[in-house]
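coords-v6.pdb (PDB, C-alpha atoms) appears below.
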ATOM      1  CA  MET U  12      30.922 -52.371  48.156
ATOM      2  CA  SER U  13      30.867 -53.721  44.606
ATOM      3  CA  LYS U  14      32.452 -51.785  41.765
ATOM      4  CA  GLN U  15      31.427 -51.250  38.160
ATOM      5  CA  SER U  16      33.859 -50.799  35.304
ATOM      6  CA  GLY U  17      33.938 -47.805  32.974
ATOM      7  CA  SER U  18      36.235 -46.646  30.214
ATOM      8  CA  LEU U  19      36.880 -43.838  27.765
ATOM      9  CA  SER U  20      38.186 -44.671  24.290
ATOM     10  CA  VAL U  21      39.628 -42.045  21.949
ATOM     11  CA  THR U  22      40.599 -42.323  18.289
ATOM     12  CA  ALA U  23      42.125 -39.364  16.453
ATOM     13  CA  ALA U  24      42.583 -39.663  12.671
ATOM     14  CA  PHE U  25      45.364 -37.846  10.810
ATOM     15  CA  GLY U  26      44.841 -38.866   7.203
ATOM     16  CA  THR U  27      45.585 -42.584   7.215
ATOM     17  CA  LYS U  28      47.302 -42.426  10.604
ATOM     18  CA  LEU U  29      45.399 -43.104  13.823
ATOM     19  CA  VAL U  30      46.166 -42.284  17.432
ATOM     20  CA  THR U  31      44.095 -44.488  19.722
ATOM     21  CA  GLY U  32      43.921 -45.116  23.420
ATOM     22  CA  GLU U  33      41.687 -46.086  26.299
ATOM     23  CA  VAL U  34      41.453 -45.118  29.957
ATOM     24  CA  SER U  35      39.680 -47.503  32.340
ATOM     25  CA  THR U  36      38.160 -46.805  35.730
ATOM     26  CA  GLU U  37      35.975 -48.312  38.440
ATOM     27  CA  ALA U  38      33.208 -46.757  40.511
ATOM     28  CA  ALA U  39      30.611 -47.820  43.060
ATOM     29  CA  GLY U  40      27.647 -45.908  41.642
ATOM     30  CA  LEU U  41      26.103 -45.367  38.224
ATOM     31  CA  ASN U  42      23.468 -42.864  37.086
ATOM     32  CA  PHE U  43      22.610 -43.238  33.390
ATOM     33  CA  GLN U  44      19.766 -41.216  31.895
ATOM     34  CA  GLU U  45      18.235 -41.073  28.403
ATOM     35  CA  LEU U  46      15.412 -38.718  27.498
ATOM     36  CA  THR U  47      13.759 -36.878  24.647
ATOM     37  CA  VAL U  48      13.923 -33.087  24.891
ATOM     38  CA  ALA U  49      11.160 -31.302  22.984
ATOM     39  CA  HIS U  50      12.182 -28.786  20.349
ATOM     40  CA  GLY U  51      11.861 -25.063  20.942
ATOM     41  CA  THR U  52      10.032 -22.436  18.888
ATOM     42  CA  GLY U  53      11.611 -20.204  16.268
ATOM     43  CA  GLY U  54      11.143 -16.475  15.855
ATOM     44  CA  PHE U  55      12.999 -13.172  15.826
ATOM     45  CA  LEU U  56      14.474 -10.899  18.474
ATOM     46  CA  THR U  57      12.265  -7.944  17.615
ATOM     47  CA  THR U  58      13.409  -5.751  20.524
ATOM     48  CA  ARG U  59      16.836  -5.720  22.156
ATOM     49  CA  THR U  60      16.875  -3.574  25.288
ATOM     50  CA  ASP U  61      20.302  -4.642  26.575
ATOM     51  CA  ASP U  62      22.568  -7.695  26.817
ATOM     52  CA  ASN U  63      20.055  -9.661  28.889
ATOM     53  CA  THR U  64      16.657  -8.134  28.074
ATOM     54  CA  GLY U  65      14.560  -8.153  24.930
ATOM     55  CA  VAL U  66      11.392  -9.279  23.193
ATOM     56  CA  ALA U  67      11.195 -12.303  20.903
ATOM     57  CA  THR U  68       8.268 -12.628  18.527
ATOM     58  CA  LEU U  69       7.564 -16.320  18.029
ATOM     59  CA  ALA U  70       5.444 -18.476  15.757
ATOM     60  CA  SER U  71       1.868 -19.001  16.907
ATOM     61  CA  GLY U  72       1.252 -22.009  19.119
ATOM     62  CA  HIS U  73       4.598 -21.752  20.916
ATOM     63  CA  GLY U  74       3.083 -22.981  24.183
ATOM     64  CA  LEU U  75       5.214 -20.825  26.492
ATOM     65  CA  LEU U  76       3.649 -19.287  29.594
ATOM     66  CA  THR U  77       4.560 -16.361  31.795
ATOM     67  CA  GLY U  78       6.911 -17.627  34.488
ATOM     68  CA  ASP U  79       8.601 -20.221  32.284
ATOM     69  CA  ILE U  80      12.395 -20.336  32.312
ATOM     70  CA  VAL U  81      13.768 -20.533  28.784
ATOM     71  CA  ASP U  82      17.045 -20.812  26.937
ATOM     72  CA  VAL U  83      17.502 -18.598  23.886
ATOM     73  CA  TYR U  84      19.536 -19.861  20.920
ATOM     74  CA  TRP U  85      20.878 -18.153  17.825
ATOM     75  CA  GLU U  86      23.499 -19.109  15.257
ATOM     76  CA  PHE U  87      26.546 -18.146  17.283
ATOM     77  CA  GLY U  88      25.349 -18.213  20.878
ATOM     78  CA  CYS U  89      23.038 -19.188  23.683
ATOM     79  CA  ARG U  90      21.738 -17.332  26.719
ATOM     80  CA  TYR U  91      20.207 -19.663  29.278
ATOM     81  CA  GLY U  92      17.916 -19.419  32.288
ATOM     82  CA  MET U  93      15.945 -16.379  31.096
ATOM     83  CA  ASP U  94      12.593 -15.385  32.629
ATOM     84  CA  ALA U  95       9.738 -15.346  30.112
ATOM     85  CA  THR U  96       6.752 -12.997  30.185
ATOM     86  CA  VAL U  97       4.228 -13.926  27.501
ATOM     87  CA  ASN U  98       1.844 -11.602  25.682
ATOM     88  CA  GLY U  99       0.452 -13.591  22.755
ATOM     89  CA  ASP U 100       3.303 -14.302  20.351
ATOM     90  CA  ALA U 101       5.530 -11.635  21.942
ATOM     91  CA  VAL U 102       7.740 -13.055  24.701
ATOM     92  CA  THR U 103       9.742 -10.694  26.877
ATOM     93  CA  ILE U 104      12.965 -12.387  28.019
ATOM     94  CA  ASP U 105      15.097 -11.153  30.889
ATOM     95  CA  GLY U 106      18.070 -12.134  33.050
ATOM     96  CA  GLY U 107      19.871 -15.416  32.633
ATOM     97  CA  ASP U 108      23.518 -16.298  32.038
ATOM     98  CA  GLY U 109      25.717 -17.111  29.079
ATOM     99  CA  ASP U 110      26.228 -15.077  25.934
ATOM    100  CA  SER U 111      24.921 -11.531  25.515
ATOM    101  CA  LEU U 112      21.775 -11.370  23.403
ATOM    102  CA  PRO U 113      22.424 -10.854  19.676
ATOM    103  CA  GLY U 114      21.421  -7.864  17.594
ATOM    104  CA  GLN U 115      17.830  -6.897  16.952
ATOM    105  CA  SER U 116      16.059  -8.872  14.183
ATOM    106  CA  THR U 117      18.318 -11.922  14.707
ATOM    107  CA  THR U 118      16.624 -15.294  14.176
ATOM    108  CA  VAL U 119      16.288 -17.049  17.537
ATOM    109  CA  ALA U 120      14.797 -20.172  19.058
ATOM    110  CA  LEU U 121      13.334 -20.298  22.576
ATOM    111  CA  CYS U 122      13.109 -23.560  24.490
ATOM    112  CA  LYS U 123      11.697 -24.289  27.928
ATOM    113  CA  ARG U 124      14.160 -26.298  29.979
ATOM    114  CA  THR U 125      13.804 -29.895  31.129
ATOM    115  CA  VAL U 126      15.082 -30.550  34.666
ATOM    116  CA  LEU U 127      16.692 -33.903  35.441
ATOM    117  CA  ALA U 128      17.545 -34.911  39.022
ATOM    118  CA  VAL U 129      21.141 -36.148  39.315
ATOM    119  CA  PRO U 130      22.097 -35.730  42.988
ATOM    120  CA  VAL U 131      25.812 -36.359  43.416
ATOM    121  CA  THR U 132      28.746 -34.877  45.300
ATOM    122  CA  GLY U 133      31.176 -33.420  42.801
ATOM    123  CA  ASP U 134      34.247 -34.781  44.570
ATOM    124  CA  ASP U 135      32.806 -38.315  44.201
ATOM    125  CA  LEU U 136      32.691 -38.126  40.395
ATOM    126  CA  VAL U 137      34.806 -40.623  38.480
ATOM    127  CA  GLN U 138      33.480 -40.349  34.926
ATOM    128  CA  VAL U 139      30.904 -38.183  33.097
ATOM    129  CA  ALA U 140      29.671 -38.364  29.504
ATOM    130  CA  LEU U 141      27.087 -36.134  27.790
ATOM    131  CA  LEU U 142      25.694 -36.527  24.275
ATOM    132  CA  CYS U 143      22.819 -34.981  22.299
ATOM    133  CA  ASP U 144      21.851 -35.254  18.631
ATOM    134  CA  GLN U 145      20.871 -31.545  18.516
ATOM    135  CA  ARG U 146      22.623 -28.456  19.827
ATOM    136  CA  CYS U 147      21.887 -28.570  23.523
ATOM    137  CA  GLN U 148      22.526 -26.459  26.609
ATOM    138  CA  VAL U 149      23.337 -28.389  29.795
ATOM    139  CA  VAL U 150      23.478 -26.620  33.171
ATOM    140  CA  PHE U 151      24.490 -28.324  36.420
ATOM    141  CA  ARG U 152      22.854 -26.733  39.505
ATOM    142  CA  ASP U 153      22.893 -27.088  43.276
ATOM    143  CA  SER U 154      19.859 -27.440  45.560
ATOM    144  CA  GLU U 155      19.416 -23.631  45.573
ATOM    145  CA  GLN U 156      19.210 -23.696  41.742
ATOM    146  CA  SER U 157      22.507 -21.810  41.463
ATOM    147  CA  VAL U 158      24.573 -22.550  38.358
ATOM    148  CA  LEU U 159      27.616 -24.697  39.103
ATOM    149  CA  TRP U 160      28.849 -25.459  35.598
ATOM    150  CA  ASP U 161      27.455 -25.316  32.074
ATOM    151  CA  ILE U 162      28.272 -26.411  28.566
ATOM    152  CA  THR U 163      26.714 -26.028  25.121
ATOM    153  CA  LEU U 164      26.897 -29.367  23.341
ATOM    154  CA  VAL U 165      27.444 -29.494  19.594
ATOM    155  CA  ALA U 166      25.034 -31.901  17.880
ATOM    156  CA  ASP U 167      26.359 -35.490  17.919
ATOM    157  CA  ALA U 168      29.644 -34.428  19.566
ATOM    158  CA  PRO U 169      30.086 -36.034  23.009
ATOM    159  CA  TRP U 170      31.586 -34.241  25.977
ATOM    160  CA  THR U 171      33.460 -36.506  28.361
ATOM    161  CA  TRP U 172      35.526 -36.337  31.511
ATOM    162  CA  ILE U 173      37.258 -39.170  33.321
ATOM    163  CA  ASP U 174      39.355 -39.019  36.448
ATOM    164  CA  GLY U 175      43.066 -38.920  35.795
ATOM    165  CA  LEU U 176      42.988 -37.820  32.149
ATOM    166  CA  TYR U 177      44.581 -34.330  32.105
ATOM    167  CA  VAL U 178      41.496 -32.182  32.740
ATOM    168  CA  ASP U 179      40.449 -31.331  36.299
ATOM    169  CA  ASN U 180      37.020 -32.336  37.576
ATOM    170  CA  PRO U 181      34.712 -29.416  36.588
ATOM    171  CA  MET U 182      32.357 -30.167  39.504
ATOM    172  CA  SER U 183      35.024 -30.527  42.187
ATOM    173  CA  SER U 184      33.818 -29.295  45.617
ATOM    174  CA  TYR U 185      30.229 -28.845  44.341
ATOM    175  CA  ASP U 186      27.080 -30.655  45.479
ATOM    176  CA  VAL U 187      25.070 -31.270  42.314
ATOM    177  CA  ALA U 188      21.274 -31.513  42.647
ATOM    178  CA  ASP U 189      20.071 -31.508  39.035
ATOM    179  CA  ILE U 190      20.832 -30.582  35.466
ATOM    180  CA  CYS U 191      18.761 -28.413  33.125
ATOM    181  CA  ILE U 192      18.656 -29.389  29.449
ATOM    182  CA  SER U 193      17.237 -27.482  26.499
ATOM    183  CA  ASN U 194      17.084 -28.141  22.776
ATOM    184  CA  GLY U 195      18.442 -25.569  20.347
ATOM    185  CA  SER U 196      16.437 -26.851  17.380
ATOM    186  CA  PRO U 197      13.121 -25.102  16.632
ATOM    187  CA  GLU U 198      11.901 -28.112  14.657
ATOM    188  CA  VAL U 199      13.400 -31.429  15.798
ATOM    189  CA  ASP U 200      13.116 -33.140  19.190
ATOM    190  CA  ALA U 201      16.481 -34.036  20.706
ATOM    191  CA  GLU U 202      17.715 -37.328  22.123
ATOM    192  CA  PHE U 203      19.915 -36.672  25.162
ATOM    193  CA  GLN U 204      22.131 -39.072  27.113
ATOM    194  CA  CYS U 205      23.952 -38.531  30.399
ATOM    195  CA  GLY U 206      26.175 -41.103  32.097
ATOM    196  CA  ILE U 207      27.754 -40.542  35.525
ATOM    197  CA  PHE U 208      30.055 -42.869  37.455
ATOM    198  CA  TYR U 209      30.716 -41.918  41.074
ATOM    199  CA  ASN U 210      32.055 -43.232  44.365
ATOM    200  CA  SER U 211      30.096 -42.672  47.561
ATOM    201  CA  ASP U 212      29.803 -44.331  50.947
ATOM    202  CA  SER U 213      26.016 -44.108  50.543
ATOM    203  CA  VAL U 214      26.054 -46.509  47.595
ATOM    204  CA  GLY U 215      25.177 -50.021  48.645
ATOM    205  CA  SER U 216      27.380 -52.998  47.875
TER     206      SER U 216
END

Could you rewrite the structure in this file as C-alpha coordinates?
Amino acid sequence: MSKQSGSLSVTAAFGTKLVTGEVSTEAAGLNFQELTVAHGTGGFLTTRTDDNTGVATLASGHGLLTGDIVDVYWEFGCRYGMDATVNGDAVTIDGGDGDSLPGQSTTVALCKRTVLAVPVTGDDLVQVALLCDQRCQVVFRDSEQSVLWDITLVADAPWTWIDGLYVDNPMSSYDVADICISNGSPEVDAEFQCGIFYNSDSVGS
(Lines of atoms letter the chains of each structure in order from A and count residues from 1; the text may use other names and numbers.)
(Lines give C-alpha, C1' and ligand atoms only; values in the text may rest on other atoms or scores of the structure.)
Protein backbone atom coordinates (compact mmCIF):
# COMPACT_ATOMS: atom_id res chain seq x y z
CA MET A 1 0.00 0.00 0.00
CA SER A 2 1.56 3.28 -1.11
CA LYS A 3 1.74 6.24 1.24
CA GLN A 4 1.31 9.96 0.70
CA SER A 5 3.13 12.62 2.67
CA GLY A 6 1.44 15.39 4.65
CA SER A 7 2.65 18.08 7.01
CA LEU A 8 1.50 20.88 9.28
CA SER A 9 3.59 24.04 9.52
CA VAL A 10 3.09 26.63 12.26
CA THR A 11 4.59 30.10 12.63
CA ALA A 12 3.82 32.24 15.67
CA ALA A 13 5.02 35.87 15.64
CA PHE A 14 5.91 37.74 18.83
CA GLY A 15 6.93 41.17 17.60
CA THR A 16 10.10 40.50 15.63
CA LYS A 17 10.54 37.04 17.15
CA LEU A 18 9.18 33.94 15.43
CA VAL A 19 8.46 30.46 16.70
CA THR A 20 8.25 28.04 13.79
CA GLY A 21 7.93 24.32 13.39
CA GLU A 22 6.61 21.53 11.22
CA VAL A 23 5.11 18.11 11.86
CA SER A 24 5.20 15.55 9.05
CA THR A 25 3.08 12.46 8.55
CA GLU A 26 2.21 9.75 6.04
CA ALA A 27 -1.14 8.21 5.15
CA ALA A 28 -2.57 5.76 2.64
CA GLY A 29 -5.69 7.73 1.69
CA LEU A 30 -6.51 11.31 0.78
CA ASN A 31 -9.88 13.06 0.49
CA PHE A 32 -9.53 16.71 -0.55
CA GLN A 33 -12.63 18.76 -1.33
CA GLU A 34 -13.15 22.35 -2.51
CA LEU A 35 -16.58 23.87 -3.03
CA THR A 36 -18.51 27.11 -3.12
CA VAL A 37 -21.16 27.46 -0.42
CA ALA A 38 -23.96 29.87 -1.32
CA HIS A 39 -24.62 32.77 1.02
CA GLY A 40 -27.61 32.81 3.33
CA THR A 41 -30.36 35.41 3.68
CA GLY A 42 -30.44 38.20 6.24
CA GLY A 43 -33.36 39.24 8.41
CA PHE A 44 -34.48 39.63 12.00
CA LEU A 45 -35.59 37.25 14.74
CA THR A 46 -39.04 38.77 15.09
CA THR A 47 -40.36 36.15 17.54
CA ARG A 48 -38.37 34.25 20.14
CA THR A 49 -40.44 31.51 21.76
CA ASP A 50 -37.59 29.77 23.61
CA ASP A 51 -33.92 28.84 23.22
CA ASN A 52 -34.56 26.71 20.13
CA THR A 53 -37.80 28.06 18.63
CA GLY A 54 -38.64 31.34 16.94
CA VAL A 55 -39.66 33.15 13.78
CA ALA A 56 -37.21 34.93 11.49
CA THR A 57 -38.53 37.48 9.02
CA LEU A 58 -36.26 37.44 5.98
CA ALA A 59 -35.74 39.52 2.86
CA SER A 60 -37.97 38.63 -0.07
CA GLY A 61 -36.62 36.03 -2.47
CA HIS A 62 -34.87 34.01 0.24
CA GLY A 63 -35.59 30.73 -1.56
CA LEU A 64 -36.11 28.62 1.56
CA LEU A 65 -38.82 25.95 1.59
CA THR A 66 -40.70 24.17 4.34
CA GLY A 67 -38.68 21.11 5.32
CA ASP A 68 -35.29 22.72 4.71
CA ILE A 69 -32.66 22.33 7.42
CA VAL A 70 -30.97 25.65 8.14
CA ASP A 71 -28.24 27.13 10.28
CA VAL A 72 -28.98 30.44 11.98
CA TYR A 73 -26.18 32.97 12.49
CA TRP A 74 -25.95 36.17 14.50
CA GLU A 75 -23.05 38.30 15.67
CA PHE A 76 -22.05 36.19 18.64
CA GLY A 77 -23.44 32.76 17.87
CA CYS A 78 -24.79 30.05 15.64
CA ARG A 79 -27.54 27.48 16.07
CA TYR A 80 -27.35 24.73 13.48
CA GLY A 81 -29.60 22.01 12.09
CA MET A 82 -32.90 23.84 12.65
CA ASP A 83 -36.14 22.79 10.93
CA ALA A 84 -37.64 25.53 8.75
CA THR A 85 -41.35 26.09 8.16
CA VAL A 86 -41.91 28.81 5.56
CA ASN A 87 -44.86 31.18 5.30
CA GLY A 88 -43.85 33.87 2.81
CA ASP A 89 -40.99 35.86 4.32
CA ALA A 90 -41.69 34.52 7.83
CA VAL A 91 -39.67 31.39 8.61
CA THR A 92 -40.41 29.45 11.77
CA ILE A 93 -37.23 27.77 13.04
CA ASP A 94 -37.18 24.95 15.56
CA GLY A 95 -34.86 22.41 17.17
CA GLY A 96 -31.22 22.13 16.26
CA ASP A 97 -28.03 22.25 18.31
CA GLY A 98 -25.44 24.84 19.25
CA ASP A 99 -26.00 28.21 20.86
CA SER A 100 -29.35 29.30 22.29
CA LEU A 101 -31.21 31.68 20.00
CA PRO A 102 -30.48 35.37 20.66
CA GLY A 103 -32.93 37.98 21.86
CA GLN A 104 -35.93 39.09 19.85
CA SER A 105 -35.21 41.65 17.09
CA THR A 106 -31.60 40.45 16.71
CA THR A 107 -30.22 40.59 13.16
CA VAL A 108 -29.78 37.03 11.87
CA ALA A 109 -28.81 35.17 8.72
CA LEU A 110 -30.33 31.83 7.71
CA CYS A 111 -28.48 29.45 5.42
CA LYS A 112 -29.52 26.07 4.04
CA ARG A 113 -26.78 23.52 4.57
CA THR A 114 -24.64 21.85 1.93
CA VAL A 115 -23.94 18.15 2.57
CA LEU A 116 -20.58 16.71 1.52
CA ALA A 117 -19.92 12.95 1.61
CA VAL A 118 -16.66 12.15 3.43
CA PRO A 119 -16.97 8.52 4.57
CA VAL A 120 -14.10 7.67 6.89
CA THR A 121 -13.52 5.79 10.13
CA GLY A 122 -12.49 8.26 12.80
CA ASP A 123 -9.76 6.03 14.20
CA ASP A 124 -8.12 5.96 10.74
CA LEU A 125 -7.66 9.74 10.62
CA VAL A 126 -4.11 11.04 10.39
CA GLN A 127 -4.57 14.69 9.45
CA VAL A 128 -7.53 17.07 8.95
CA ALA A 129 -7.59 20.68 7.77
CA LEU A 130 -10.63 22.95 7.31
CA LEU A 131 -10.66 26.47 5.87
CA CYS A 132 -13.36 28.91 4.72
CA ASP A 133 -13.16 32.56 3.66
CA GLN A 134 -16.46 33.36 5.45
CA ARG A 135 -17.73 32.40 8.89
CA CYS A 136 -18.80 28.82 8.43
CA GLN A 137 -20.44 26.06 10.46
CA VAL A 138 -19.07 22.55 9.89
CA VAL A 139 -20.84 19.50 11.34
CA PHE A 140 -19.52 15.94 11.06
CA ARG A 141 -22.31 13.31 11.07
CA ASP A 142 -22.69 9.54 11.02
CA SER A 143 -24.89 7.51 8.66
CA GLU A 144 -27.92 8.14 10.91
CA GLN A 145 -27.34 11.92 10.55
CA SER A 146 -26.42 12.20 14.24
CA VAL A 147 -23.95 14.95 15.12
CA LEU A 148 -20.49 13.60 15.93
CA TRP A 149 -18.49 16.82 16.17
CA ASP A 150 -18.91 20.43 15.09
CA ILE A 151 -16.95 23.63 14.80
CA THR A 152 -17.66 27.22 13.77
CA LEU A 153 -14.83 28.42 11.56
CA VAL A 154 -13.70 32.04 11.71
CA ALA A 155 -13.29 33.55 8.24
CA ASP A 156 -9.83 32.82 6.78
CA ALA A 157 -8.67 31.08 9.99
CA PRO A 158 -7.83 27.40 9.37
CA TRP A 159 -8.64 24.63 11.81
CA THR A 160 -6.17 21.76 11.76
CA TRP A 161 -5.46 18.51 13.53
CA ILE A 162 -2.58 16.12 12.96
CA ASP A 163 -1.84 12.89 14.73
CA GLY A 164 0.71 13.21 17.50
CA LEU A 165 0.51 16.98 18.03
CA TYR A 166 -0.91 17.44 21.56
CA VAL A 167 -4.65 17.43 20.78
CA ASP A 168 -6.59 14.16 20.74
CA ASN A 169 -8.41 13.05 17.60
CA PRO A 170 -11.88 14.69 17.84
CA MET A 171 -13.44 11.91 15.72
CA SER A 172 -11.87 8.98 17.55
CA SER A 173 -14.17 5.91 17.65
CA TYR A 174 -16.68 7.56 15.27
CA ASP A 175 -17.70 6.43 11.78
CA VAL A 176 -18.05 9.63 9.75
CA ALA A 177 -20.49 9.60 6.81
CA ASP A 178 -20.67 13.26 5.77
CA ILE A 179 -20.19 16.85 6.81
CA CYS A 180 -22.72 19.68 6.66
CA ILE A 181 -21.44 23.15 5.76
CA SER A 182 -23.24 26.48 5.88
CA ASN A 183 -22.21 30.05 5.16
CA GLY A 184 -22.71 32.72 7.80
CA SER A 185 -22.62 35.61 5.33
CA PRO A 186 -25.97 36.92 4.05
CA GLU A 187 -24.28 38.50 1.03
CA VAL A 188 -21.09 36.71 -0.07
CA ASP A 189 -20.66 33.13 -1.29
CA ALA A 190 -18.02 31.20 0.64
CA GLU A 191 -15.07 29.17 -0.63
CA PHE A 192 -14.60 26.09 1.56
CA GLN A 193 -11.73 23.59 1.65
CA CYS A 194 -11.48 20.28 3.49
CA GLY A 195 -8.44 18.01 3.46
CA ILE A 196 -8.39 14.59 5.14
CA PHE A 197 -5.51 12.11 5.34
CA TYR A 198 -6.39 8.65 6.63
CA ASN A 199 -5.13 5.08 6.86
CA SER A 200 -7.42 2.20 5.94
CA ASP A 201 -7.02 -1.36 4.75
CA SER A 202 -9.66 -0.59 2.10
CA VAL A 203 -7.39 1.92 0.37
CA GLY A 204 -5.64 0.41 -2.60
CA SER A 205 -1.88 0.49 -3.04

Check: U:Leu46, U:Ala101, U:Ala24, U:Leu56: which is nearest Glu202 of chain U, counting all atoms listed in the file?
Finding: U:Leu46

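This file, filtered with the PyMOL selection byres ((chain U and resi 38) around 6), gives the residues Lys14, Gln15, Glu37, Ala39, Gly40, Phe208, Tyr209 and Asn210 of chain U.
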
Notebook entry, point to check: Looking at only C-alpha atoms, which of U:Leu69, U:Met93, U:Leu112, U:Val187 is the one that sits closest to Leu159 of chain U?
Noted result: U:Val187

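Near Thr163 of chain U, within a cut-off of 8 Å and counting all atoms listed in the file, sit the residues Cys89, Arg146, Cys147, Gln148, Val149, Asp161 and Val165 of chain U, with same-chain residues fewer than 2 positions away left out.
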
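In this comparison, which uses all atoms listed in the file, the residue of U:Leu136, U:Phe87, U:Thr117, U:Thr60 approaching Ile104 of chain U most closely is U:Thr60.
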
Note to self: Need to verify the contact set: segment 127-130 of chain U, 12 Å, all atoms listed in the file, exclusion of same-chain residues closer than 5 positions in sequence. Can you return it as a ChimeraX atom specification?
What the structure shows: /U:40-48,135-136,139,149-154,156,185-193,203-209,211,213

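When the PyMOL selection byres ((chain U and resi 170) around 7) is run on the displayed coordinates, the residues it returns are Ala140, Leu141, Leu142, Ala168, Pro169 and Thr171 of chain U.
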
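Atom CA of Gln115 of chain U sits 17.5 Å away from atom CA of Thr52 of chain U.
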
Notebook entry, point to check: So what do you get for atom CA of Val126 of chain U versus atom CA of Gly92 of chain U, distance-wise?
Noted result: 11.7 Å
